[in-house]
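Undergrad: Coordinates in final22.cif, mmCIF, C-alpha atoms and all ligand atoms, are listed below.
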```
data_work
#
loop_
_atom_site.group_PDB
_atom_site.id
_atom_site.type_symbol
_atom_site.label_atom_id
_atom_site.label_comp_id
_atom_site.auth_asym_id
_atom_site.auth_seq_id
_atom_site.Cartn_x
_atom_site.Cartn_y
_atom_site.Cartn_z
ATOM 1 C CA MET A 1 101.773 83.041 60.044
ATOM 2 C CA GLU A 2 103.557 79.830 60.869
ATOM 3 C CA GLU A 3 106.751 81.785 61.561
ATOM 4 C CA LYS A 4 104.817 84.108 63.917
ATOM 5 C CA LEU A 5 103.511 81.125 65.819
ATOM 6 C CA ASN A 6 107.001 79.702 66.102
ATOM 7 C CA ILE A 7 108.346 82.975 67.479
ATOM 8 C CA LYS A 8 105.521 83.055 70.029
ATOM 9 C CA ALA A 9 106.281 79.469 71.049
ATOM 10 C CA ALA A 10 110.003 80.232 71.322
ATOM 11 C CA LEU A 11 109.363 83.288 73.515
ATOM 12 C CA GLU A 12 107.010 81.300 75.720
ATOM 13 C CA TYR A 13 109.676 78.665 76.051
ATOM 14 C CA TYR A 14 112.273 81.288 77.075
ATOM 15 C CA VAL A 15 109.974 82.810 79.689
ATOM 16 C CA MET A 16 109.226 79.351 81.072
ATOM 17 C CA ALA A 17 112.965 78.684 81.312
ATOM 18 C CA GLY A 18 113.455 81.890 83.324
ATOM 19 C CA VAL A 19 114.864 84.044 80.513
ATOM 20 C CA ASP A 20 113.040 87.325 81.110
ATOM 21 C CA GLU A 21 115.645 89.874 80.041
ATOM 22 C CA ILE A 22 116.949 90.994 76.652
ATOM 23 C CA LEU A 23 120.630 91.824 77.033
ATOM 24 C CA ALA A 24 121.557 92.641 73.424
ATOM 25 C CA ASP A 25 119.915 93.539 70.130
ATOM 26 C CA GLU A 26 121.192 90.419 68.366
ATOM 27 C CA PRO A 27 120.835 86.875 69.585
ATOM 28 C CA PHE A 28 123.978 84.879 70.105
ATOM 29 C CA GLY A 29 124.094 81.578 68.228
ATOM 30 C CA VAL A 30 120.358 81.332 67.543
ATOM 31 C CA GLY A 31 118.296 82.516 64.617
ATOM 32 C CA LEU A 32 121.331 83.122 62.380
ATOM 33 C CA SER A 33 120.489 84.661 59.038
ATOM 34 C CA GLU A 34 121.217 82.398 56.050
ATOM 35 C CA LYS A 35 124.326 84.389 55.154
ATOM 36 C CA LYS A 36 125.664 84.311 58.679
ATOM 37 C CA ALA A 37 124.751 80.660 58.972
ATOM 38 C CA ALA A 38 126.732 79.897 55.812
ATOM 39 C CA MET A 39 129.711 81.748 57.288
ATOM 40 C CA ALA A 40 129.383 80.056 60.631
ATOM 41 C CA GLU A 41 131.869 77.368 61.499
ATOM 42 C CA PRO A 42 130.669 73.908 60.541
ATOM 43 C CA VAL A 43 129.650 71.895 63.532
ATOM 44 C CA ILE A 44 131.985 68.957 63.827
ATOM 45 C CA ARG A 45 130.539 66.334 66.018
ATOM 46 C CA LYS A 46 133.241 64.595 67.932
ATOM 47 C CA ALA A 47 132.904 61.357 69.742
ATOM 48 C CA PRO A 48 132.230 62.015 73.394
ATOM 49 C CA VAL A 49 135.426 62.187 75.388
ATOM 50 C CA ILE A 50 135.351 59.843 78.292
ATOM 51 C CA LEU A 51 137.483 61.279 81.047
ATOM 52 C CA PRO A 52 139.172 58.991 83.500
ATOM 53 C CA SER A 53 136.975 59.063 86.524
ATOM 54 C CA ALA A 54 138.466 61.682 88.798
ATOM 55 C CA PRO A 55 137.446 61.477 92.403
ATOM 56 C CA ALA A 56 134.499 63.880 92.713
ATOM 57 C CA PRO A 57 134.743 66.078 95.810
ATOM 58 C CA SER A 58 132.358 64.762 98.402
ATOM 59 C CA GLU A 59 129.178 66.676 99.001
ATOM 60 C CA ARG A 60 130.359 67.479 102.484
ATOM 61 C CA GLN A 61 133.602 68.961 101.198
ATOM 62 C CA ALA A 62 131.699 71.119 98.672
ATOM 63 C CA THR A 63 129.366 72.344 101.417
ATOM 64 C CA THR A 64 132.314 73.183 103.667
ATOM 65 C CA GLU A 65 134.006 75.098 100.865
ATOM 66 C CA LEU A 66 130.828 77.032 100.176
ATOM 67 C CA ALA A 67 130.409 77.858 103.856
ATOM 68 C CA GLN A 68 134.034 79.016 104.043
ATOM 69 C CA ALA A 69 133.619 81.196 100.941
ATOM 70 C CA THR A 70 130.478 82.747 102.448
ATOM 71 C CA LEU A 71 132.250 83.334 105.739
ATOM 72 C CA SER A 72 135.217 85.024 104.129
ATOM 73 C CA ALA A 73 132.899 87.153 101.922
ATOM 74 C CA CYS A 74 131.014 88.194 105.083
ATOM 75 C CA GLN A 75 134.275 89.106 106.787
ATOM 76 C CA ASN A 76 135.357 91.092 103.762
ATOM 77 C CA ALA A 77 131.982 92.897 103.688
ATOM 78 C CA HIS A 78 132.369 93.809 107.377
ATOM 79 C CA GLU A 79 135.871 95.190 106.773
ATOM 80 C CA ILE A 80 134.643 97.263 103.838
ATOM 81 C CA CYS A 81 131.819 98.635 105.979
ATOM 82 C CA ALA A 82 134.107 99.523 108.860
ATOM 83 C CA ALA A 83 136.380 101.447 106.482
ATOM 84 C CA ALA A 84 133.562 103.385 104.770
ATOM 85 C CA GLN A 85 132.932 106.667 106.556
ATOM 86 C CA THR A 86 130.418 108.103 104.092
ATOM 87 C CA LEU A 87 127.675 106.730 101.852
ATOM 88 C CA ASP A 88 129.730 107.640 98.781
ATOM 89 C CA GLU A 89 132.706 105.660 100.072
ATOM 90 C CA LEU A 90 130.437 102.731 100.860
ATOM 91 C CA ARG A 91 128.806 102.834 97.433
ATOM 92 C CA ALA A 92 132.234 102.823 95.729
ATOM 93 C CA ALA A 93 133.382 99.899 97.882
ATOM 94 C CA VAL A 94 130.221 97.843 97.231
ATOM 95 C CA GLU A 95 130.663 98.496 93.520
ATOM 96 C CA LYS A 96 134.106 96.860 93.715
ATOM 97 C CA PHE A 97 133.043 94.011 96.020
ATOM 98 C CA ASP A 98 133.307 90.567 94.405
ATOM 99 C CA GLY A 99 132.062 88.371 97.234
ATOM 100 C CA CYS A 100 128.498 87.919 95.968
ATOM 101 C CA ALA A 101 127.834 85.961 92.784
ATOM 102 C CA LEU A 102 124.645 87.973 92.127
ATOM 103 C CA LYS A 103 126.938 90.695 90.813
ATOM 104 C CA LEU A 104 127.784 88.447 87.858
ATOM 105 C CA THR A 105 124.209 88.246 86.587
ATOM 106 C CA ALA A 106 123.114 91.788 87.470
ATOM 107 C CA SER A 107 123.356 94.713 85.029
ATOM 108 C CA HIS A 108 123.783 97.361 87.741
ATOM 109 C CA MET A 109 124.494 97.560 91.421
ATOM 110 C CA VAL A 110 121.498 99.216 93.080
ATOM 111 C CA PHE A 111 122.570 101.274 96.078
ATOM 112 C CA GLY A 112 120.380 103.351 98.393
ATOM 113 C CA ASP A 113 118.815 106.546 97.114
ATOM 114 C CA GLY A 114 117.016 109.591 98.484
ATOM 115 C CA ASN A 115 117.862 111.851 101.402
ATOM 116 C CA PRO A 116 121.095 110.786 103.155
ATOM 117 C CA HIS A 117 120.038 112.776 106.264
ATOM 118 C CA ALA A 118 116.463 111.483 106.366
ATOM 119 C CA ARG A 119 114.579 110.741 109.582
ATOM 120 C CA VAL A 120 113.296 107.522 108.054
ATOM 121 C CA VAL A 121 114.923 104.758 106.000
ATOM 122 C CA LEU A 122 112.774 102.450 103.855
ATOM 123 C CA VAL A 123 114.120 98.939 103.279
ATOM 124 C CA GLY A 124 113.024 96.552 100.508
ATOM 125 C CA GLU A 125 114.254 93.102 99.566
ATOM 126 C CA ALA A 126 116.185 93.308 96.305
ATOM 127 C CA PRO A 127 116.151 95.127 92.983
ATOM 128 C CA GLY A 128 113.767 93.840 90.323
ATOM 129 C CA ALA A 129 114.207 93.975 86.549
ATOM 130 C CA ASP A 130 113.548 97.732 86.232
ATOM 131 C CA GLU A 131 115.838 98.634 89.122
ATOM 132 C CA ASP A 132 118.567 96.381 87.696
ATOM 133 C CA ARG A 133 118.276 98.096 84.319
ATOM 134 C CA ILE A 134 118.252 101.649 85.718
ATOM 135 C CA GLY A 135 120.446 101.204 88.801
ATOM 136 C CA ARG A 136 118.074 102.839 91.326
ATOM 137 C CA PRO A 137 115.801 101.264 93.955
ATOM 138 C CA PHE A 138 112.019 101.038 93.554
ATOM 139 C CA VAL A 139 111.640 102.537 90.090
ATOM 140 C CA GLY A 140 109.345 99.839 88.655
ATOM 141 C CA ARG A 141 105.658 99.094 89.226
ATOM 142 C CA SER A 142 105.972 98.479 92.942
ATOM 143 C CA GLY A 143 108.095 101.624 93.251
ATOM 144 C CA HIS A 144 105.344 103.668 91.619
ATOM 145 C CA LEU A 145 102.776 102.321 94.052
ATOM 146 C CA LEU A 146 105.136 103.038 96.946
ATOM 147 C CA ASP A 147 105.713 106.614 95.690
ATOM 148 C CA LYS A 148 101.944 107.186 95.602
ATOM 149 C CA MET A 149 101.427 105.774 99.081
ATOM 150 C CA MET A 150 104.295 107.765 100.564
ATOM 151 C CA SER A 151 103.204 110.985 98.906
ATOM 152 C CA ALA A 152 99.746 110.436 100.410
ATOM 153 C CA ILE A 153 101.379 110.852 103.846
ATOM 154 C CA GLY A 154 103.263 113.894 102.564
ATOM 155 C CA MET A 155 106.630 112.283 101.870
ATOM 156 C CA ASP A 156 108.519 112.129 98.603
ATOM 157 C CA ARG A 157 112.008 110.773 98.025
ATOM 158 C CA SER A 158 113.605 113.932 99.315
ATOM 159 C CA ALA A 159 112.062 113.092 102.702
ATOM 160 C CA TYR A 160 113.393 109.535 103.067
ATOM 161 C CA TYR A 161 116.284 107.273 102.183
ATOM 162 C CA ILE A 162 115.377 104.038 100.391
ATOM 163 C CA THR A 163 117.447 100.923 99.925
ATOM 164 C CA ASN A 164 117.355 97.123 99.798
ATOM 165 C CA VAL A 165 118.785 94.153 101.663
ATOM 166 C CA LEU A 166 120.561 93.114 98.445
ATOM 167 C CA PRO A 167 122.245 95.566 96.078
ATOM 168 C CA TRP A 168 122.044 93.123 93.144
ATOM 169 C CA ARG A 169 119.016 91.533 91.504
ATOM 170 C CA PRO A 170 118.628 87.789 91.991
ATOM 171 C CA PRO A 171 118.144 86.337 88.471
ATOM 172 C CA GLY A 172 114.476 86.050 87.522
ATOM 173 C CA ASN A 173 113.601 87.698 90.890
ATOM 174 C CA ARG A 174 114.154 84.419 92.676
ATOM 175 C CA THR A 175 114.156 84.392 96.469
ATOM 176 C CA PRO A 176 117.613 85.352 97.769
ATOM 177 C CA THR A 177 119.528 82.571 99.496
ATOM 178 C CA SER A 178 120.478 82.906 103.147
ATOM 179 C CA ALA A 179 124.163 83.081 102.101
ATOM 180 C CA GLU A 180 123.450 86.022 99.748
ATOM 181 C CA ILE A 181 121.566 87.796 102.521
ATOM 182 C CA ALA A 182 124.337 87.122 105.056
ATOM 183 C CA VAL A 183 127.013 88.496 102.714
ATOM 184 C CA CYS A 184 125.071 91.659 101.748
ATOM 185 C CA LEU A 185 123.434 92.483 105.089
ATOM 186 C CA PRO A 186 126.487 94.409 106.398
ATOM 187 C CA PHE A 187 126.068 96.864 103.486
ATOM 188 C CA LEU A 188 122.465 97.561 104.466
ATOM 189 C CA LYS A 189 123.364 97.900 108.152
ATOM 190 C CA ARG A 190 126.216 100.313 107.382
ATOM 191 C CA GLN A 191 123.894 102.432 105.218
ATOM 192 C CA ILE A 192 121.493 102.621 108.155
ATOM 193 C CA GLU A 193 124.329 103.637 110.498
ATOM 194 C CA LEU A 194 125.564 106.322 108.126
ATOM 195 C CA VAL A 195 122.105 107.806 107.563
ATOM 196 C CA ASP A 196 121.348 107.393 111.275
ATOM 197 C CA PRO A 197 117.540 107.689 111.020
ATOM 198 C CA GLU A 198 115.018 107.791 113.861
ATOM 199 C CA TYR A 199 112.734 105.316 112.101
ATOM 200 C CA ILE A 200 112.958 102.381 109.701
ATOM 201 C CA LEU A 201 110.045 101.260 107.539
ATOM 202 C CA ILE A 202 110.597 97.694 106.333
ATOM 203 C CA LEU A 203 108.735 96.590 103.226
ATOM 204 C CA GLY A 204 107.906 92.900 103.170
ATOM 205 C CA GLY A 205 108.603 89.796 105.195
ATOM 206 C CA SER A 206 111.907 88.855 103.636
ATOM 207 C CA ALA A 207 113.529 92.228 104.425
ATOM 208 C CA ALA A 208 111.956 92.203 107.909
ATOM 209 C CA ASN A 209 113.312 88.724 108.680
ATOM 210 C CA ALA A 210 116.780 89.687 107.410
ATOM 211 C CA LEU A 211 117.073 92.977 109.287
ATOM 212 C CA LEU A 212 115.347 91.909 112.496
ATOM 213 C CA ASP A 213 116.949 88.465 112.419
ATOM 214 C CA ASN A 214 113.748 86.520 113.013
ATOM 215 C CA GLN A 215 111.456 84.184 111.108
ATOM 216 C CA GLU A 216 108.084 85.738 111.947
ATOM 217 C CA PRO A 217 105.615 86.072 109.083
ATOM 218 C CA ILE A 218 104.993 89.650 107.942
ATOM 219 C CA SER A 219 101.305 89.250 108.881
ATOM 220 C CA ARG A 220 102.457 89.068 112.529
ATOM 221 C CA LEU A 221 105.248 91.643 112.323
ATOM 222 C CA ARG A 222 103.443 94.432 110.534
ATOM 223 C CA GLY A 223 101.624 97.322 112.097
ATOM 224 C CA ARG A 224 103.397 97.519 115.466
ATOM 225 C CA TRP A 225 106.515 99.302 116.597
ATOM 226 C CA LEU A 226 109.566 97.086 116.888
ATOM 227 C CA GLU A 227 113.231 97.837 117.587
ATOM 228 C CA TYR A 228 116.375 97.529 115.540
ATOM 229 C CA GLU A 229 119.621 97.464 117.507
ATOM 230 C CA LYS A 230 122.617 99.222 115.986
ATOM 231 C CA SER A 231 126.175 97.944 116.401
ATOM 232 C CA ASP A 232 126.788 100.595 119.112
ATOM 233 C CA GLY A 233 123.786 99.313 121.074
ATOM 234 C CA GLY A 234 121.575 102.284 120.129
ATOM 235 C CA LYS A 235 117.997 101.548 119.086
ATOM 236 C CA ILE A 236 115.953 102.625 116.093
ATOM 237 C CA GLN A 237 112.155 102.304 115.991
ATOM 238 C CA VAL A 238 111.009 99.970 113.248
ATOM 239 C CA LEU A 239 107.680 99.552 111.546
ATOM 240 C CA ALA A 240 107.203 96.664 109.126
ATOM 241 C CA SER A 241 104.519 96.631 106.444
ATOM 242 C CA PHE A 242 103.573 94.730 103.329
ATOM 243 C CA HIS A 243 105.790 94.923 100.269
ATOM 244 C CA PRO A 244 104.194 97.041 97.497
ATOM 245 C CA ALA A 245 104.639 94.139 95.032
ATOM 246 C CA TYR A 246 102.448 92.054 97.352
ATOM 247 C CA LEU A 247 99.889 94.878 97.478
ATOM 248 C CA LEU A 248 99.759 94.920 93.675
ATOM 249 C CA ARG A 249 98.691 91.277 93.799
ATOM 250 C CA ASN A 250 96.513 91.585 96.911
ATOM 251 C CA ALA A 251 94.633 94.872 96.759
ATOM 252 C CA ALA A 252 92.532 93.838 99.759
ATOM 253 C CA GLN A 253 95.592 94.333 102.000
ATOM 254 C CA LYS A 254 96.108 97.943 100.920
ATOM 255 C CA SER A 255 93.975 99.253 103.787
ATOM 256 C CA ARG A 256 96.302 97.554 106.306
ATOM 257 C CA ALA A 257 99.383 98.996 104.594
ATOM 258 C CA TRP A 258 97.698 102.389 104.624
ATOM 259 C CA SER A 259 97.062 102.190 108.362
ATOM 260 C CA ASP A 260 100.765 101.294 108.836
ATOM 261 C CA LEU A 261 101.796 104.430 106.955
ATOM 262 C CA LEU A 262 99.408 106.558 108.992
ATOM 263 C CA ARG A 263 100.972 105.134 112.142
ATOM 264 C CA LEU A 264 104.425 106.099 110.860
ATOM 265 C CA LYS A 265 103.265 109.607 109.993
ATOM 266 C CA LYS A 266 101.575 110.102 113.376
ATOM 267 C CA THR A 267 104.661 108.984 115.311
ATOM 268 C CA MET A 268 106.970 111.131 113.188
ATOM 269 C CA GLN A 269 104.829 114.169 113.880
HETATM 270 N N1 LIG B 1 111.344 95.431 95.120
HETATM 271 C C1 LIG B 1 112.254 95.649 96.098
HETATM 272 O O1 LIG B 1 112.215 95.029 97.163
HETATM 273 N N2 LIG B 1 113.192 96.563 95.876
HETATM 274 C C2 LIG B 1 113.272 97.275 94.760
HETATM 275 O O2 LIG B 1 114.179 98.103 94.639
HETATM 276 C C3 LIG B 1 112.313 97.032 93.767
HETATM 277 C C4 LIG B 1 111.351 96.111 93.967
#
```
Please re-express this file's structure in structure tokens.

TA:
Amino acid sequence: MEEKLNIKAALEYYVMAGVDEILADEPFGVGLSEKKAAMAEPVIRKAPVILPSAPAPSERQATTELAQATLSACQNAHEICAAAQTLDELRAAVEKFDGCALKLTASHMVFGDGNPHARVVLVGEAPGADEDRIGRPFVGRSGHLLDKMMSAIGMDRSAYYITNVLPWRPPGNRTPTSAEIAVCLPFLKRQIELVDPEYILILGGSAANALLDNQEPISRLRGRWLEYEKSDGGKIQVLASFHPAYLLRNAAQKSRAWSDLLRLKKTMQ
């Protein structure tokens, strides 16, 4: 009983510390069985090594370096996008791209999915835990709600293309940083250019702010037709609505999201 309680406390501690994924069947370095513990290297505690105080880089220098790294990653992303002439080429190039640190903590890159010739592209924020595990967008709880809502206006995934601002999951679903968004945005924009839809449905404020380059709250953006300007100056009609994850927490807003979808359907007809 006591052991059970300890396990519960340990798990609660992990969740509190942001550890919400199991990456392997066996723990590393914790909970060693007695036999393994006996075989484990003895811990030799050494006196702390006091390093001669090296001049720490100034905060300003670190910030400049970070900004330069972001800038060069953005440039690299733009070059990759310009070279990719098909979605398959783009997917392969994003898979190889090393300019975003989110790749290091993600299990899979989550690229767009659905109909590559669709009239409408749906855009979310970033993969969650289920999408990261499976490698496809919107396959978790919010994806199921979205599927239901879209099928209620007669559209399944063969009728639209669906993707995210970020192709990698931010650890613990934290809010993406502006640098991560800046580096990955070219990949989203190139997907939109290659699909070349008539309409874009943006899900949630974060994706809307990233794609439309504004800071308006989703409560003000949603429900009215807006415009997205492509790199060639052409325009695509955009409708923003609430993110399905938000609707799962705020059922009272579902009627507004529903009226947004009806507006999309009516215009598409
Ligand atoms: N939320 C998103 O924004 N995108 C996904 O793919 C899944 C959940």

Undergrad: Kindly compute an axis-aligned box around the listed atoms of ligand LIG 1 (chain B), allowing 4 Å on each side, and express its centre and edge lengths in Å to one decimal as JSON.

TA:
```
{"center_x": 112.8, "center_y": 96.6, "center_z": 95.5, "size_x": 10.8, "size_y": 11.1, "size_z": 11.4}
```

Undergrad: Using only C-alpha atoms and all ligand atoms, find each residue of chain A with at least one atom at most 12 Å away from an atom of ligand LIG 1 (chain B); report its shortest atom-to-atom pair and that distance in Å (one decimal), sort the rows by chain and rising residue number, and return the result as a Markdown table.

TA:
```
| residue | atom | partner | partner_atom | distance |
| --- | --- | --- | --- | --- |
| A:His108 | CA | B:LIG1 | O2 | 11.8 |
| A:Met109 | CA | B:LIG1 | O2 | 10.8 |
| A:Val110 | CA | B:LIG1 | O2 | 7.6 |
| A:Phe111 | CA | B:LIG1 | O2 | 9.1 |
| A:Gly112 | CA | B:LIG1 | O2 | 8.9 |
| A:Asp113 | CA | B:LIG1 | O2 | 9.9 |
| A:Leu122 | CA | B:LIG1 | N2 | 9.9 |
| A:Val123 | CA | B:LIG1 | O1 | 7.5 |
| A:Gly124 | CA | B:LIG1 | O1 | 3.8 |
| A:Glu125 | CA | B:LIG1 | O1 | 3.7 |
| A:Ala126 | CA | B:LIG1 | O1 | 4.4 |
| A:Pro127 | CA | B:LIG1 | O2 | 3.9 |
| A:Gly128 | CA | B:LIG1 | C3 | 4.9 |
| A:Ala129 | CA | B:LIG1 | C3 | 8.1 |
| A:Asp130 | CA | B:LIG1 | C3 | 7.7 |
| A:Glu131 | CA | B:LIG1 | O2 | 5.8 |
| A:Asp132 | CA | B:LIG1 | O2 | 8.4 |
| A:Arg133 | CA | B:LIG1 | O2 | 11.1 |
| A:Ile134 | CA | B:LIG1 | O2 | 10.4 |
| A:Gly135 | CA | B:LIG1 | O2 | 9.1 |
| A:Arg136 | CA | B:LIG1 | O2 | 7.0 |
| A:Pro137 | CA | B:LIG1 | O2 | 3.6 |
| A:Phe138 | CA | B:LIG1 | O2 | 3.8 |
| A:Val139 | CA | B:LIG1 | C3 | 6.7 |
| A:Gly140 | CA | B:LIG1 | C3 | 6.5 |
| A:Arg141 | CA | B:LIG1 | C4 | 8.0 |
| A:Ser142 | CA | B:LIG1 | C4 | 6.0 |
| A:Gly143 | CA | B:LIG1 | C3 | 6.3 |
| A:His144 | CA | B:LIG1 | C3 | 9.9 |
| A:Leu145 | CA | B:LIG1 | C4 | 10.6 |
| A:Leu146 | CA | B:LIG1 | C4 | 9.8 |
| A:Asp147 | CA | B:LIG1 | C3 | 11.8 |
| A:Ile162 | CA | B:LIG1 | O2 | 8.4 |
| A:Thr163 | CA | B:LIG1 | O2 | 6.8 |
| A:Asn164 | CA | B:LIG1 | N2 | 5.7 |
| A:Val165 | CA | B:LIG1 | O1 | 8.0 |
| A:Leu166 | CA | B:LIG1 | N2 | 8.5 |
| A:Pro167 | CA | B:LIG1 | O2 | 8.6 |
| A:Trp168 | CA | B:LIG1 | O2 | 9.4 |
| A:Arg169 | CA | B:LIG1 | O2 | 8.7 |
| A:Pro170 | CA | B:LIG1 | C1 | 10.9 |
| A:Asn173 | CA | B:LIG1 | N1 | 9.1 |
| A:Arg174 | CA | B:LIG1 | N1 | 11.6 |
| A:Thr175 | CA | B:LIG1 | O1 | 10.8 |
| A:Pro176 | CA | B:LIG1 | O1 | 11.1 |
| A:Ile202 | CA | B:LIG1 | O1 | 9.7 |
| A:Leu203 | CA | B:LIG1 | O1 | 7.2 |
| A:Gly204 | CA | B:LIG1 | O1 | 7.7 |
| A:Gly205 | CA | B:LIG1 | O1 | 10.2 |
| A:Ser206 | CA | B:LIG1 | O1 | 9.0 |
| A:Ala207 | CA | B:LIG1 | O1 | 7.9 |
| A:Ala208 | CA | B:LIG1 | O1 | 11.1 |
| A:Phe242 | CA | B:LIG1 | O1 | 10.6 |
| A:His243 | CA | B:LIG1 | O1 | 7.1 |
| A:Pro244 | CA | B:LIG1 | N1 | 7.7 |
| A:Ala245 | CA | B:LIG1 | N1 | 6.8 |
| A:Tyr246 | CA | B:LIG1 | N1 | 9.8 |
| A:Leu247 | CA | B:LIG1 | N1 | 11.7 |
| A:Leu248 | CA | B:LIG1 | C4 | 11.7 |
```

Undergrad: Given the PyMOL selection byres (((chain A and resi 228) around 12) and not hetatm) and the file above, list the residues it selects as a ChimeraX atom specification.

TA: /A:189,192-193,196-202,208-214,225-227,229-240

Undergrad: Hey, which of A:Gln61, A:Ser158, A:Glu216, A:Ala179 ends up closest to Leu102 of chain A? Count only C-alpha atoms.

TA: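 Selected residue with least distance to Leu102 of chain A: A:Ala179.
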
Undergrad: Determine the residue set returned by the PyMOL selection byres (((chain A and resi 74-77) around 8) and not hetatm) for the present structure, and present it as a list in words.

TA: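 Answer for the PyMOL selection byres (((chain A and resi 74-77) around 8) and not hetatm): Thr70, Leu71, Ser72, Ala73, His78, Glu79, Ile80, Cys81, Phe97, Gly99, Ala182, Val183, Cys184, Pro186 and Phe187 of chain A.
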
Undergrad: Rounded to one decimal in Å, what is the spacing between atom CA of Leu194 of chain A and atom CA of Arg91 of chain A?

TA: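 Straight-line distance from atom CA of Leu194 of chain A to atom CA of Arg91 of chain A works out to 11.7 Å.
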
Undergrad: Starting from the displayed file, determine the output of the PyMOL selection byres (((chain A and resi 263) around 12) and not hetatm) and express the residue list as JSON, numbers by chain.

TA: {"A": [153, 199, 201, 222, 223, 224, 225, 238, 239, 240, 241, 256, 257, 258, 259, 260, 261, 262, 264, 265, 266, 267, 268, 269]}

Undergrad: Take the residues from that selection and write them out as a tab-separated table (two decimals), in the frame of the given file, keeping C-alpha atoms.

TA:
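The result, written out as part13.tsv:
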```tsv
chain	number	residue	atom	x	y	z
A	153	ILE	CA	101.38	110.85	103.85
A	199	TYR	CA	112.73	105.32	112.10
A	201	LEU	CA	110.04	101.26	107.54
A	222	ARG	CA	103.44	94.43	110.53
A	223	GLY	CA	101.62	97.32	112.10
A	224	ARG	CA	103.40	97.52	115.47
A	225	TRP	CA	106.52	99.30	116.60
A	238	VAL	CA	111.01	99.97	113.25
A	239	LEU	CA	107.68	99.55	111.55
A	240	ALA	CA	107.20	96.66	109.13
A	241	SER	CA	104.52	96.63	106.44
A	256	ARG	CA	96.30	97.55	106.31
A	257	ALA	CA	99.38	99.00	104.59
A	258	TRP	CA	97.70	102.39	104.62
A	259	SER	CA	97.06	102.19	108.36
A	260	ASP	CA	100.76	101.29	108.84
A	261	LEU	CA	101.80	104.43	106.96
A	262	LEU	CA	99.41	106.56	108.99
A	264	LEU	CA	104.42	106.10	110.86
A	265	LYS	CA	103.26	109.61	109.99
A	266	LYS	CA	101.58	110.10	113.38
A	267	THR	CA	104.66	108.98	115.31
A	268	MET	CA	106.97	111.13	113.19
A	269	GLN	CA	104.83	114.17	113.88
```

Undergrad: Tell me, in Å to one decimal, how far atom CA of Lys103 of chain A is from atom CA of Leu185 of chain A.

TA: 14.8 Å

Undergrad: Quote the spacing between atom CA of Pro217 of chain A and atom CA of Glu180 of chain A in Å to one decimal place.

TA: 20.1 Å
